[in-house]
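Visitor: Handing you a structure now.
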Amino acid sequence: MLTMLWKRYGLVFAAGALCIVVNAQGIGPLWYTGVALLIVGQTMRVTLIRTQRPPLDREPVLLRVPVTGRWLALNGPATKVPSHTHSHAQTYAIDLKYVPAEDGDEEGAVPSAPPFRWFWPLARSPRRYPTYGRPLLAPADGVVVATAQRQRDHLSRMSLPAFLFLYLEGFVRSLGRPSHLMGNHIVLDLGNGVYAAFAHLRRGSLDVAVGDRVSAGQRIAECGNSGNSSEPHLHFQLMDGPDVMTARGVPFAWHYREDDGVERTGVPEDTTHFVAVEPLPS
């Protein structure tokens with residue numbers, strides 16, 4: 001019950017900020033009320049994040065890689081834990097970008113992603129990135145327990161001014177509902193208290209609805225650039241509950257092959273290019 005209360009820290013924060021913004025009397029009762037609410041909201045936020053710290057001795061759950069083709073791993077748990085933050089069950093989350101080989105993949109040559117620019121252009125259409133629209137697959141048999149697909153795919157944040165804006169944008173989004181941060185997303189119940197979350201999906205691309213049963217390898221959506229995203233990519237994570245605001249992260253493992261031809265079972269380290277290897281080892 002107390003954890004459910006801490007979930008409302010965003011409302012407390014917003015109320016505090018509103019008190020300060022509308023205050024026209026200088027330092028006085030309304031100003032002090034606003035500051036107090038900001039402190040309370042931050043305390044609630046920190047307390048909630050502390051409850052989301054998972055145990056460190058849990059064994060990884062072996063899954064299918066939820067994509068096809070050659071991908072780049074970023075911000076993953078093989079490099080550091082938490083890979084993102086304990087907040088929103090992101091302890092073991094990973095970000096993936098589609099990076100086809102220079103001579104093309106099984107679908108032929110694909111243009112490379114536009115590079116980061118210091119100042120210009122400030123932003124680009126998500127359609128300029130090869131990750132945009134890539135199909136996403138269910139990592140195991142499961143049931144769809146949550147979806148969101150109405151948020152737009154915004155412009156990239158791949159310039160210095162836009163990237164600085166992303167930090168402020170991300171903080172503001174974190175005060176709202178999970179969909180503000182995750183964008184369009186899917187949560188799957190994989191059984192045994194394990195849930196998989198796919199975030200930043202393309203608007204209108206979801207092939208499933210709440211209550212649907214999915215099979216491992218089934219197409220469920222496409223990559224997009226919704227929510228707190230700098231450019232089109234997949235944010236994938238496992239957790240021990242369906243609510244990212246209260247759940248804790250769960251480690252996972254894939255069977256994959258890196259560019260050097262070596263097959264591994266685990267999670268690719270950051271900046272590693274890899275492809276899925278199926279079927280999974282028994």
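As shown in the structure tokens, the chain order sets the letters A, B, ...; within each chain, residues go from 1, and ligands are also counted from 1 in the order they appear.
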Write out as a ChimeraX atom specification which residues come within 6 Å of Ile220 (chain A) when counting only C-alpha atoms, dropping same-chain ones fewer than 6 positions away.
Guide: /A:136-137,206-208
Visitor: For N, CA, C and O atoms, I'd like the residues from the last selection saved as a compact mmCIF listing (two decimals), in the first residue's frame.
Guide:
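Wrote it out as selection_11.txt, contents follow:
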# COMPACT_ATOMS: atom_id res chain seq x y z
N LEU A 136 9.73 -6.70 -34.09
CA LEU A 136 10.09 -7.19 -32.77
C LEU A 136 9.34 -8.47 -32.49
O LEU A 136 8.17 -8.61 -32.86
N LEU A 137 10.01 -9.41 -31.83
CA LEU A 137 9.48 -10.75 -31.63
C LEU A 137 9.32 -11.07 -30.15
O LEU A 137 10.11 -10.61 -29.31
N LEU A 206 1.57 -2.10 -33.19
CA LEU A 206 1.34 -3.25 -32.34
C LEU A 206 0.43 -4.26 -33.03
O LEU A 206 -0.63 -3.91 -33.55
N ASP A 207 0.87 -5.52 -33.02
CA ASP A 207 0.09 -6.60 -33.62
C ASP A 207 -0.67 -7.40 -32.57
O ASP A 207 -1.30 -8.41 -32.90
N VAL A 208 -0.60 -6.97 -31.31
CA VAL A 208 -1.23 -7.72 -30.22
C VAL A 208 -2.02 -6.76 -29.34
O VAL A 208 -1.84 -5.55 -29.39
Visitor: Taking 4 positions as the minimum chain separation for residues in the same chain, which residues sit within 10 Å of Val61 (chain A) when counting only C-alpha atoms? Answer as a PyMOL selection string.
Guide: chain A and resi 194+238+250-254+266
Visitor: Let's see if you can do this: from backbone DSSP, list all helix (DSSP H, G or I) residues in region 21-175 of chain A, as an MDAnalysis selection string.
Guide: chainID A and resid 21:22 29:51 87:89 126:128 160:174
Visitor: Any idea what's packed within 6 Å of region 77-83 of chain A, counting only C-alpha atoms, ignoring anything in its chain fewer than 3 positions away? Could you give it as a list in words?
Guide: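 My list of contacting residues is Thr91, Tyr92, Val267 and Glu269 of chain A.
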Visitor: Extract, using only C-alpha atoms, all DNA, RNA and protein residues at most 10 Å from Pro54 (chain A), discarding same-chain residues fewer than 2 positions from it, and format them as a list in words.
Guide: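 Non-adjacent residues within range: Arg50, Thr51, Gln52, Leu56, Asp57, Arg58, Pro82, His86, Ala89, Thr91, Tyr92, Met239, Asp240, Ala247, Arg248, Gly249, Val250 and Pro251 of chain A.
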Visitor: Could you check the closest approach to Phe236 (chain A) for each of A:Ala276, A:Ile186, A:Val172, A:Val214 and tell me which residue wins, using only C-alpha atoms?
Guide: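 Of A:Ala276, A:Ile186, A:Val172, A:Val214, the one nearest Phe236 (chain A), counting only C-alpha atoms, is A:Ile186.
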Visitor: Using only C-alpha atoms, determine which residues lie at most 10 Å from region 178-180 of chain A, disregarding the query and same-chain residues fewer than 6 positions distant; provide the list as a PyMOL selection string.
Guide: chain A and resi 88+147-151+170+172+199-200+226-228+243-245
Visitor: For the selection you just gave me, I'd like the residues written to a file as an mmCIF file, in the first residue's frame, keeping C-alpha atoms.
Guide:
data_model
loop_
_atom_site.group_PDB
_atom_site.id
_atom_site.type_symbol
_atom_site.label_atom_id
_atom_site.label_comp_id
_atom_site.auth_asym_id
_atom_site.auth_seq_id
_atom_site.Cartn_x
_atom_site.Cartn_y
_atom_site.Cartn_z
ATOM 1 C CA HIS A 88 11.072 1.662 -13.517
ATOM 2 C CA THR A 147 -0.007 -2.078 -24.177
ATOM 3 C CA ALA A 148 0.193 1.569 -25.275
ATOM 4 C CA GLN A 149 0.400 2.716 -28.876
ATOM 5 C CA ARG A 150 -0.999 6.260 -29.219
ATOM 6 C CA GLN A 151 2.164 8.324 -28.722
ATOM 7 C CA GLY A 170 13.506 12.674 -19.548
ATOM 8 C CA VAL A 172 9.794 15.594 -16.811
ATOM 9 C CA ALA A 199 9.563 0.258 -25.059
ATOM 10 C CA HIS A 200 9.763 3.082 -27.663
ATOM 11 C CA SER A 226 8.280 7.272 -28.910
ATOM 12 C CA GLY A 227 8.764 8.261 -25.288
ATOM 13 C CA ASN A 228 12.147 9.139 -23.795
ATOM 14 C CA ASP A 243 3.926 -2.476 -13.223
ATOM 15 C CA VAL A 244 7.252 -0.808 -14.071
ATOM 16 C CA MET A 245 6.659 1.698 -11.284
#
Visitor: Looking only at strand (DSSP E) from DSSP on the backbone, list the matching residues of region 211-266 of chain A as an MDAnalysis selection string.
Guide: chainID A and resid 213:214 219:222 234:239 249:250 252:258 263:266
Visitor: So that I can check the surroundings of Leu48 (chain A), please list as a VMD selection string every protein, DNA and RNA residue that reaches within 9 Å of it, counting only C-alpha atoms and ignoring chain neighbours fewer than 3 positions away.
Guide: chain A and resid 3 6 to 7 9 43 to 45 51 to 52 87 245 to 246
Visitor: How about saving the chosen residues, N, CA and C atoms kept, as a PDB file, in the first residue's frame?
Guide:
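File written: result.pdb
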ATOM      1  N   THR A   3       3.904   1.498  -1.114  1.00  0.00           N
ATOM      2  CA  THR A   3       4.558   1.608  -2.410  1.00  0.00           C
ATOM      3  C   THR A   3       3.635   2.251  -3.433  1.00  0.00           C
ATOM      4  N   TRP A   6       3.834   5.927  -3.012  1.00  0.00           N
ATOM      5  CA  TRP A   6       5.058   6.533  -3.537  1.00  0.00           C
ATOM      6  C   TRP A   6       4.980   6.727  -5.050  1.00  0.00           C
ATOM      7  N   LYS A   7       4.159   5.930  -5.731  1.00  0.00           N
ATOM      8  CA  LYS A   7       4.016   6.067  -7.182  1.00  0.00           C
ATOM      9  C   LYS A   7       3.500   7.447  -7.580  1.00  0.00           C
ATOM     10  N   TYR A   9       4.523  10.299  -6.711  1.00  0.00           N
ATOM     11  CA  TYR A   9       5.487  11.378  -6.482  1.00  0.00           C
ATOM     12  C   TYR A   9       5.436  12.448  -7.569  1.00  0.00           C
ATOM     13  N   THR A  43      11.626  12.941  -2.072  1.00  0.00           N
ATOM     14  CA  THR A  43      11.796  11.895  -1.065  1.00  0.00           C
ATOM     15  C   THR A  43      10.991  10.654  -1.433  1.00  0.00           C
ATOM     16  N   MET A  44       9.764  10.856  -1.898  1.00  0.00           N
ATOM     17  CA  MET A  44       8.936   9.732  -2.337  1.00  0.00           C
ATOM     18  C   MET A  44       9.583   9.018  -3.517  1.00  0.00           C
ATOM     19  N   ARG A  45      10.140   9.786  -4.442  1.00  0.00           N
ATOM     20  CA  ARG A  45      10.780   9.200  -5.624  1.00  0.00           C
ATOM     21  C   ARG A  45      11.982   8.350  -5.229  1.00  0.00           C
ATOM     22  N   THR A  51      13.109   0.741  -3.193  1.00  0.00           N
ATOM     23  CA  THR A  51      12.343  -0.510  -3.108  1.00  0.00           C
ATOM     24  C   THR A  51      12.466  -1.334  -4.378  1.00  0.00           C
ATOM     25  N   GLN A  52      12.939  -0.715  -5.470  1.00  0.00           N
ATOM     26  CA  GLN A  52      13.054  -1.429  -6.744  1.00  0.00           C
ATOM     27  C   GLN A  52      14.434  -2.051  -6.950  1.00  0.00           C
ATOM     28  N   SER A  87      15.150   2.561 -11.074  1.00  0.00           N
ATOM     29  CA  SER A  87      13.822   3.119 -11.313  1.00  0.00           C
ATOM     30  C   SER A  87      13.168   2.472 -12.528  1.00  0.00           C
ATOM     31  N   MET A 245       6.476   0.744 -12.373  1.00  0.00           N
ATOM     32  CA  MET A 245       6.659   1.698 -11.284  1.00  0.00           C
ATOM     33  C   MET A 245       6.990   1.022  -9.960  1.00  0.00           C
ATOM     34  N   THR A 246       6.634  -0.253  -9.815  1.00  0.00           N
ATOM     35  CA  THR A 246       6.853  -0.948  -8.550  1.00  0.00           C
ATOM     36  C   THR A 246       7.650  -2.241  -8.694  1.00  0.00           C
TER      37      THR A 246
END
Visitor: Skip Ser125 (chain A) itself and residues of its chain fewer than 5 positions away, then list as a list in words all residues within 12 Å of it, counting only C-alpha atoms.
Guide: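 Final neighbour list, sorted by chain and number: Ala113, Pro114, Pro130, Tyr132, Arg152, Asp153, His154, Leu155, Ser156, Arg157, Met158, Gly224, Asn225, Ser230, Glu231 and Pro232 of chain A.
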Visitor: Would you export the selected residues with C-alpha atoms as a PDB file, in the first residue's frame, please?
Guide:
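New file out-v5.pdb:
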ATOM      1  CA  ALA A 113      21.940   5.810 -39.444  1.00  0.00           C
ATOM      2  CA  PRO A 114      22.641   9.558 -39.621  1.00  0.00           C
ATOM      3  CA  PRO A 130      17.370   1.838 -40.162  1.00  0.00           C
ATOM      4  CA  TYR A 132      12.754   2.430 -37.348  1.00  0.00           C
ATOM      5  CA  ARG A 152       3.796   9.895 -31.747  1.00  0.00           C
ATOM      6  CA  ASP A 153       7.272   8.988 -32.987  1.00  0.00           C
ATOM      7  CA  HIS A 154       9.109  12.255 -32.358  1.00  0.00           C
ATOM      8  CA  LEU A 155      12.202  13.665 -34.059  1.00  0.00           C
ATOM      9  CA  SER A 156      15.636  12.403 -33.048  1.00  0.00           C
ATOM     10  CA  ARG A 157      17.699  14.077 -30.302  1.00  0.00           C
ATOM     11  CA  MET A 158      21.029  13.485 -32.032  1.00  0.00           C
ATOM     12  CA  GLY A 224       9.914   3.326 -33.127  1.00  0.00           C
ATOM     13  CA  ASN A 225      11.004   6.533 -31.447  1.00  0.00           C
ATOM     14  CA  SER A 230      17.190   9.912 -28.546  1.00  0.00           C
ATOM     15  CA  GLU A 231      16.772   7.933 -31.775  1.00  0.00           C
ATOM     16  CA  PRO A 232      14.827   4.841 -32.898  1.00  0.00           C
TER      17      PRO A 232
END
Visitor: Which one of A:Pro126, A:Ser229, A:Gly241, A:Ala17 sits closest to Gly193 (chain A) if you count only C-alpha atoms?
Guide: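 That would be A:Gly241, the residue with the smallest distance to Gly193 (chain A).
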Visitor: So how many Å separate CA of Phe274 (chain A) and CA of Arg202 (chain A), to one decimal?
Guide: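 Computed distance, CA of Phe274 (chain A) to CA of Arg202 (chain A), equals 22.8 Å.
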Visitor: From the list A:Glu263, A:Asp141, A:Asp212, A:Glu258, which residue is nearest Ala73 (chain A) when using only C-alpha atoms?
Guide: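 Looking at the shortest contact to Ala73 (chain A), the residue is A:Glu258.
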